[in-house]
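Chemist: Mind looking over this structure? Questions follow.
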Amino acid sequence: MATIDTAVEQLMAGEVIAYPTEAVYGLGCDPDNEEAVLKLLAIKQRPVAKGLILIAANYSQLLPYIHDNAIPIERRFQIFSCWPGHMSWVLPASAKAPRWITGNFNSIAVRVSAHPVVQQLCQAYGKPIVSTSANLAGEAAINDYQQLLASIGLQVAAVVDGPLGGATQPSQIRDAMTGEIIRS
């Protein structure tokens, strides 16, 4: 098990880490490091075209990746009242959002987490990290530490210490422009 400081060192070195989230173990890396993101996608066996979620300690960390002015004023209360929390929103992507994060979309999925480990990790790193469940694409999410080590453990540079947050399933994902539920 790694400390927050060790995990941040690994993120800065372009490595992939595993960490606890609200419901499952996640894989993460620096969203601005294409090589790190491609390494994460290879571990997960997920195509880049599908896009990835960014997870942050606060909304301001997400601003470089989203087109904030395009979010309708009437949707802002609904979005911000869920954060920090266990809800991911698909927002319009900024022109600077990397294509290896947005995939085939002009939008980006983001979450401001309430999980203390995620909060500490993103605060210490000073920006959001990629967040995707630590399982192979199409397989069940991992919520057991031993299962994480057996399936993904040797492929990541660090596993951050900490318990899962107690939610029973990965975060719901909603489209901020329409309110539509993308993943329940």
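Chain labels follow the order of the structure tokens: the first chain is A, the next B, and so on; residue numbering restarts at 1 in every chain, and ligands are counted from 1 in their shown order.
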DSSP on the backbone, then: every residue of range 17-161 of chain A marked alpha helix (DSSP H), written as a compact mmCIF listing (two decimals) with N, CA and C atoms, in the first residue's frame.
Modeler:
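Done, and the output landed in states.txt:
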# COMPACT_ATOMS: atom_id res chain seq x y z
N GLU A 34 -0.24 11.82 -22.26
CA GLU A 34 -0.82 10.86 -23.21
C GLU A 34 -0.26 9.46 -23.01
N GLU A 35 1.03 9.36 -22.80
CA GLU A 35 1.66 8.05 -22.61
C GLU A 35 1.08 7.34 -21.38
N ALA A 36 0.89 8.08 -20.29
CA ALA A 36 0.32 7.49 -19.08
C ALA A 36 -1.12 7.04 -19.32
N VAL A 37 -1.89 7.85 -20.03
CA VAL A 37 -3.29 7.48 -20.31
C VAL A 37 -3.34 6.24 -21.19
N LEU A 38 -2.48 6.17 -22.19
CA LEU A 38 -2.46 5.00 -23.06
C LEU A 38 -2.03 3.75 -22.30
N LYS A 39 -1.13 3.91 -21.33
CA LYS A 39 -0.72 2.80 -20.46
C LYS A 39 -1.92 2.32 -19.64
N LEU A 40 -2.68 3.27 -19.07
CA LEU A 40 -3.87 2.93 -18.29
C LEU A 40 -4.89 2.20 -19.17
N LEU A 41 -5.11 2.70 -20.38
CA LEU A 41 -6.07 2.06 -21.28
C LEU A 41 -5.63 0.65 -21.66
N ALA A 42 -4.33 0.45 -21.81
CA ALA A 42 -3.81 -0.89 -22.13
C ALA A 42 -4.05 -1.84 -20.96
N ILE A 43 -3.82 -1.38 -19.74
CA ILE A 43 -4.07 -2.22 -18.56
C ILE A 43 -5.55 -2.61 -18.51
N LYS A 44 -6.42 -1.63 -18.74
CA LYS A 44 -7.86 -1.85 -18.65
C LYS A 44 -8.42 -2.56 -19.89
N TYR A 59 -14.13 21.90 -7.99
CA TYR A 59 -14.53 22.27 -9.35
C TYR A 59 -13.45 23.06 -10.08
N SER A 60 -12.74 23.91 -9.37
CA SER A 60 -11.72 24.74 -10.04
C SER A 60 -10.63 23.89 -10.68
N GLN A 61 -10.36 22.70 -10.13
CA GLN A 61 -9.37 21.82 -10.77
C GLN A 61 -9.82 21.34 -12.14
N LEU A 62 -11.12 21.33 -12.37
CA LEU A 62 -11.67 20.84 -13.64
C LEU A 62 -11.72 21.91 -14.73
N ILE A 73 -27.06 27.96 -17.10
CA ILE A 73 -27.21 28.45 -15.73
C ILE A 73 -28.22 27.61 -14.94
N GLU A 74 -29.27 27.16 -15.61
CA GLU A 74 -30.30 26.38 -14.92
C GLU A 74 -29.81 24.98 -14.54
N ARG A 75 -28.72 24.50 -15.12
CA ARG A 75 -28.16 23.19 -14.78
C ARG A 75 -27.13 23.27 -13.66
N ARG A 76 -26.57 24.44 -13.45
CA ARG A 76 -25.47 24.58 -12.50
C ARG A 76 -25.86 24.17 -11.08
N PHE A 77 -27.04 24.56 -10.63
CA PHE A 77 -27.45 24.19 -9.27
C PHE A 77 -27.50 22.67 -9.13
N GLN A 78 -28.08 22.00 -10.11
CA GLN A 78 -28.19 20.55 -10.06
C GLN A 78 -26.80 19.90 -10.01
N ILE A 79 -25.87 20.40 -10.81
CA ILE A 79 -24.51 19.85 -10.82
C ILE A 79 -23.82 20.11 -9.50
N PHE A 80 -23.77 21.38 -9.10
CA PHE A 80 -22.98 21.75 -7.93
C PHE A 80 -23.59 21.24 -6.62
N ARG A 99 -7.69 14.81 -26.42
CA ARG A 99 -8.52 13.83 -27.12
C ARG A 99 -8.37 12.43 -26.53
N TRP A 100 -7.23 12.16 -25.90
CA TRP A 100 -7.07 10.84 -25.27
C TRP A 100 -7.91 10.74 -23.99
N ILE A 101 -8.50 11.86 -23.55
CA ILE A 101 -9.44 11.85 -22.42
C ILE A 101 -10.88 11.91 -22.93
N THR A 102 -11.16 12.78 -23.89
CA THR A 102 -12.53 12.94 -24.38
C THR A 102 -12.96 11.83 -25.34
N PRO A 116 -12.31 10.83 0.98
CA PRO A 116 -11.15 11.51 1.57
C PRO A 116 -9.82 11.18 0.88
N VAL A 117 -9.63 9.95 0.45
CA VAL A 117 -8.38 9.60 -0.24
C VAL A 117 -8.28 10.32 -1.58
N VAL A 118 -9.38 10.34 -2.31
CA VAL A 118 -9.39 11.03 -3.61
C VAL A 118 -9.16 12.53 -3.40
N GLN A 119 -9.82 13.09 -2.41
CA GLN A 119 -9.63 14.51 -2.08
C GLN A 119 -8.15 14.80 -1.80
N GLN A 120 -7.54 14.00 -0.93
CA GLN A 120 -6.13 14.20 -0.58
C GLN A 120 -5.23 14.02 -1.78
N LEU A 121 -5.50 13.02 -2.59
CA LEU A 121 -4.67 12.72 -3.76
C LEU A 121 -4.71 13.88 -4.76
N CYS A 122 -5.90 14.36 -5.08
CA CYS A 122 -6.03 15.46 -6.05
C CYS A 122 -5.51 16.78 -5.49
N GLN A 123 -5.69 17.00 -4.20
CA GLN A 123 -5.13 18.22 -3.60
C GLN A 123 -3.61 18.18 -3.62
N ALA A 124 -3.03 17.04 -3.26
CA ALA A 124 -1.57 16.92 -3.24
C ALA A 124 -0.99 17.00 -4.65
N TYR A 125 -1.72 16.46 -5.63
CA TYR A 125 -1.24 16.50 -7.02
C TYR A 125 -1.49 17.87 -7.65
N TYR A 145 -9.88 -5.69 -2.05
CA TYR A 145 -8.45 -5.38 -2.17
C TYR A 145 -7.65 -6.57 -2.71
N GLN A 146 -7.93 -7.77 -2.24
CA GLN A 146 -7.18 -8.95 -2.71
C GLN A 146 -7.44 -9.21 -4.20
N GLN A 147 -8.67 -9.00 -4.62
CA GLN A 147 -9.00 -9.15 -6.04
C GLN A 147 -8.26 -8.10 -6.87
N LEU A 148 -8.17 -6.88 -6.34
CA LEU A 148 -7.43 -5.82 -7.02
C LEU A 148 -5.98 -6.24 -7.23
N LEU A 149 -5.35 -6.72 -6.17
CA LEU A 149 -3.95 -7.14 -6.28
C LEU A 149 -3.78 -8.29 -7.27
N ALA A 150 -4.70 -9.24 -7.24
CA ALA A 150 -4.59 -10.41 -8.12
C ALA A 150 -4.78 -10.05 -9.59
N SER A 151 -5.66 -9.11 -9.88
CA SER A 151 -5.97 -8.83 -11.29
C SER A 151 -5.19 -7.66 -11.88
Chemist: Looking at A:Gly162, A:Glu15, A:Val156, A:Asp5, which one is nearest to Asp144 in chain A, with distances taken over only C-alpha atoms?
Modeler: A:Gly162
Chemist: Rank nothing, just name the residue among A:Asn58, A:Thr3, A:Thr21, A:Ser131 nearest to Thr168 in chain A, using only C-alpha atoms.
Modeler: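 Of the candidates, the smallest distance to Thr168 in chain A is held by A:Thr21.
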Chemist: Of the candidates A:Gln45, A:Ser81, A:Ser133, A:Asn106, which shows the shortest atom-to-atom distance to Val24 in chain A, using only C-alpha atoms?
Modeler: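 Among A:Gln45, A:Ser81, A:Ser133, A:Asn106, it is A:Ser133 that comes nearest to Val24 in chain A.
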Chemist: Name the residues of range 20-167 of chain A that come out as strand (DSSP E) in a backbone DSSP run; write them as a tab-separated table (two decimals) with N, CA and C atoms, in the first residue's frame.
Modeler:
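Contents of result-v8.tsv, freshly written:
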chain	number	residue	atom	x	y	z
A	20	PRO	N	-8.70	3.79	-3.80
A	20	PRO	CA	-10.10	3.55	-3.44
A	20	PRO	C	-10.97	4.75	-3.82
A	25	TYR	N	-12.46	0.16	-6.50
A	25	TYR	CA	-11.09	0.63	-6.72
A	25	TYR	C	-11.00	1.22	-8.11
A	26	GLY	N	-10.25	2.30	-8.22
A	26	GLY	CA	-10.09	2.98	-9.49
A	26	GLY	C	-8.65	2.94	-9.96
A	27	LEU	N	-8.49	3.14	-11.27
A	27	LEU	CA	-7.17	3.35	-11.86
A	27	LEU	C	-7.07	4.81	-12.22
A	28	GLY	N	-5.90	5.39	-12.02
A	28	GLY	CA	-5.73	6.80	-12.33
A	28	GLY	C	-4.35	7.11	-12.85
A	53	ILE	N	-13.23	9.41	-17.36
A	53	ILE	CA	-13.69	10.35	-16.35
A	53	ILE	C	-12.48	11.01	-15.69
A	54	LEU	N	-12.62	12.29	-15.38
A	54	LEU	CA	-11.64	12.96	-14.53
A	54	LEU	C	-12.28	13.14	-13.16
A	55	ILE	N	-11.48	12.95	-12.13
A	55	ILE	CA	-11.95	13.09	-10.76
A	55	ILE	C	-11.10	14.17	-10.08
A	56	ALA	N	-11.75	15.02	-9.30
A	56	ALA	CA	-11.05	16.18	-8.74
A	56	ALA	C	-11.43	16.41	-7.28
A	87	MET	N	-21.45	11.52	-7.85
A	87	MET	CA	-22.16	11.77	-9.11
A	87	MET	C	-21.17	12.32	-10.13
A	88	SER	N	-21.13	11.69	-11.30
A	88	SER	CA	-20.30	12.19	-12.40
A	88	SER	C	-21.21	12.87	-13.41
A	89	TRP	N	-20.70	13.96	-13.99
A	89	TRP	CA	-21.45	14.72	-14.98
A	89	TRP	C	-20.66	14.81	-16.28
A	90	VAL	N	-21.35	14.68	-17.39
A	90	VAL	CA	-20.74	14.90	-18.69
A	90	VAL	C	-20.97	16.37	-19.03
A	91	LEU	N	-19.87	17.10	-19.15
A	91	LEU	CA	-19.90	18.54	-19.42
A	91	LEU	C	-19.25	18.81	-20.77
A	92	PRO	N	-19.53	19.97	-21.36
A	92	PRO	CA	-18.84	20.33	-22.61
A	92	PRO	C	-17.34	20.41	-22.36
A	107	SER	N	-17.33	16.31	-25.29
A	107	SER	CA	-17.70	16.47	-23.89
A	107	SER	C	-16.71	15.67	-23.05
A	108	ILE	N	-16.81	15.87	-21.73
A	108	ILE	CA	-15.90	15.18	-20.83
A	108	ILE	C	-16.65	14.85	-19.55
A	109	ALA	N	-16.46	13.63	-19.06
A	109	ALA	CA	-17.09	13.20	-17.82
A	109	ALA	C	-16.18	13.58	-16.65
A	110	VAL	N	-16.79	14.21	-15.63
A	110	VAL	CA	-16.02	14.70	-14.49
A	110	VAL	C	-16.78	14.47	-13.19
A	111	ARG	N	-16.01	14.42	-12.07
A	111	ARG	CA	-16.63	14.29	-10.76
A	111	ARG	C	-15.75	14.99	-9.73
A	112	VAL	N	-16.39	15.69	-8.82
A	112	VAL	CA	-15.71	16.21	-7.63
A	112	VAL	C	-16.06	15.23	-6.52
A	129	ILE	N	-7.23	13.78	-11.65
A	129	ILE	CA	-6.60	12.61	-12.24
A	129	ILE	C	-7.66	11.84	-13.01
A	130	VAL	N	-7.21	10.99	-13.91
A	130	VAL	CA	-8.11	10.09	-14.62
A	130	VAL	C	-8.70	9.13	-13.59
A	131	SER	N	-9.96	8.79	-13.76
A	131	SER	CA	-10.60	7.82	-12.88
A	131	SER	C	-11.43	6.85	-13.70
A	132	THR	N	-11.03	5.60	-13.66
A	132	THR	CA	-11.80	4.54	-14.28
A	132	THR	C	-11.72	3.33	-13.36
A	133	SER	N	-12.74	2.53	-13.36
A	133	SER	CA	-12.74	1.38	-12.45
A	133	SER	C	-11.58	0.44	-12.78
A	158	ALA	N	1.59	1.99	-8.01
A	158	ALA	CA	1.25	2.16	-6.60
A	158	ALA	C	-0.22	1.87	-6.39
A	159	VAL	N	-0.53	1.32	-5.22
A	159	VAL	CA	-1.91	1.16	-4.77
A	159	VAL	C	-2.04	2.00	-3.51
Chemist: Work out how far CA of Arg183 in chain A is from CA of His86 in chain A, in Å to one decimal.
Modeler: 12.4 Å
Chemist: Between CA of Val16 in chain A and CA of Pro163 in chain A, what is the spacing in Å?
Modeler: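 Distance between the two atoms: 19.1 Å.
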Chemist: Counting only C-alpha atoms, which of A:Gly153, A:Pro128, A:Ala7, A:Val48 gets nearest to Leu63 in chain A?
Modeler: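 When distances to Leu63 in chain A are compared using only C-alpha atoms, the smallest one comes from A:Pro128.
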Chemist: In Å to one decimal, how far is CA of Ile71 in chain A from CA of Ala23 in chain A?
Modeler: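 About the pair CA of Ala23 in chain A and CA of Ile71 in chain A: they are 27.6 Å apart.
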Chemist: Of the candidates A:Ala176, A:Asn33, A:Ala18, A:Pro84, which one gets nearest to Ile152 in chain A if we count only C-alpha atoms?
Modeler: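 Comparing A:Ala176, A:Asn33, A:Ala18, A:Pro84 against Ile152 in chain A, the winner is A:Ala18.
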Chemist: Choose the residue, out of A:Gln10, A:Ser113, A:Thr178, A:Asn104, that has the smallest atom-to-atom separation from Cys29 in chain A; count only C-alpha atoms.
Modeler: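 That would be A:Gln10, the residue with the smallest distance to Cys29 in chain A.
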